[in-house]
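Here's the structure we're looking at; comments come further down.
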Amino acid sequence: MLRGITTFRCHECGHRFEAPDIEWQATALTTPQPCPRCGSRHTRPASSFWLTPAYKSIWKQLDQPK
């Protein structure tokens, strides 16, 4: 579900950018959006630094080959 626009922070390069806030698998978490600077999907909402462990789990899922 699209919940609007939010500010993201890239875990790789530290870049902050705005992107759509899309629900991650029917949870309260936000789907990581690709960083426009480095292309990494290791991003999270800038205001949720305390959720970094949860996002590390999501990043691990995203890094899995399909």
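If you're wondering about the labels, chains in the structure tokens are A, B, ... by order shown, residues count from 1 in each chain, ligands from 1 in order shown.
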
message: Residues of chain A classed as alpha helix (DSSP H) by DSSP on the backbone are to be reported as an NGL selection string.
response: :A and (52-63)

Since we have the selection now, will you write its residues out, keeping C-alpha atoms, as a short mmCIF file (atom, residue, chain, number, x, y, z; two decimals), in the first residue's frame?
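So selection.cif came out as:
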data_model
loop_
_atom_site.label_atom_id
_atom_site.label_comp_id
_atom_site.auth_asym_id
_atom_site.auth_seq_id
_atom_site.Cartn_x
_atom_site.Cartn_y
_atom_site.Cartn_z
CA THR A 52 18.20 -0.64 11.57
CA PRO A 53 18.34 -4.31 12.78
CA ALA A 54 14.92 -4.97 11.20
CA TYR A 55 16.04 -3.34 7.95
CA LYS A 56 19.26 -5.41 7.94
CA SER A 57 17.01 -8.48 7.80
CA ILE A 58 15.05 -6.98 4.87
CA TRP A 59 18.30 -6.08 3.06
CA LYS A 60 19.46 -9.68 3.47
CA GLN A 61 16.23 -10.86 1.81
CA LEU A 62 16.67 -8.35 -1.03
CA ASP A 63 20.27 -9.51 -1.60
#

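Non-sequential neighbours of Trp24 (chain A) (distance at most 10 Å, separation of 6 or more positions within a chain, only C-alpha atoms) are Met1, Thr30, Thr31, Pro32 and Ile58 of chain A.
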
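In this comparison, which uses only C-alpha atoms, the residue of A:Asp21, A:Arg9, A:Leu29, A:Pro65 approaching Arg41 (chain A) most closely is A:Arg9.
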
Item checked: Surrounding residues of His15 (chain A) excluding itself and chain neighbours under 2 positions, 12 Å, only C-alpha atoms, as JSON, numbers by chain -> {"A": [7, 8, 9, 10, 11, 12, 13, 17, 18, 34, 35, 36, 37, 38, 39, 40, 42, 43, 44, 45, 46]}

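CA of Gly4 (chain A) is found 5.8 Å from CA of Pro20 (chain A).
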
- From region 6-66 of chain A, collect each residue whose DSSP state is strand (DSSP E) and return the set as JSON, numbers by chain. {"A": [6, 7, 8, 9, 10, 16, 17, 18, 19, 20, 21, 22, 43, 44, 45]}
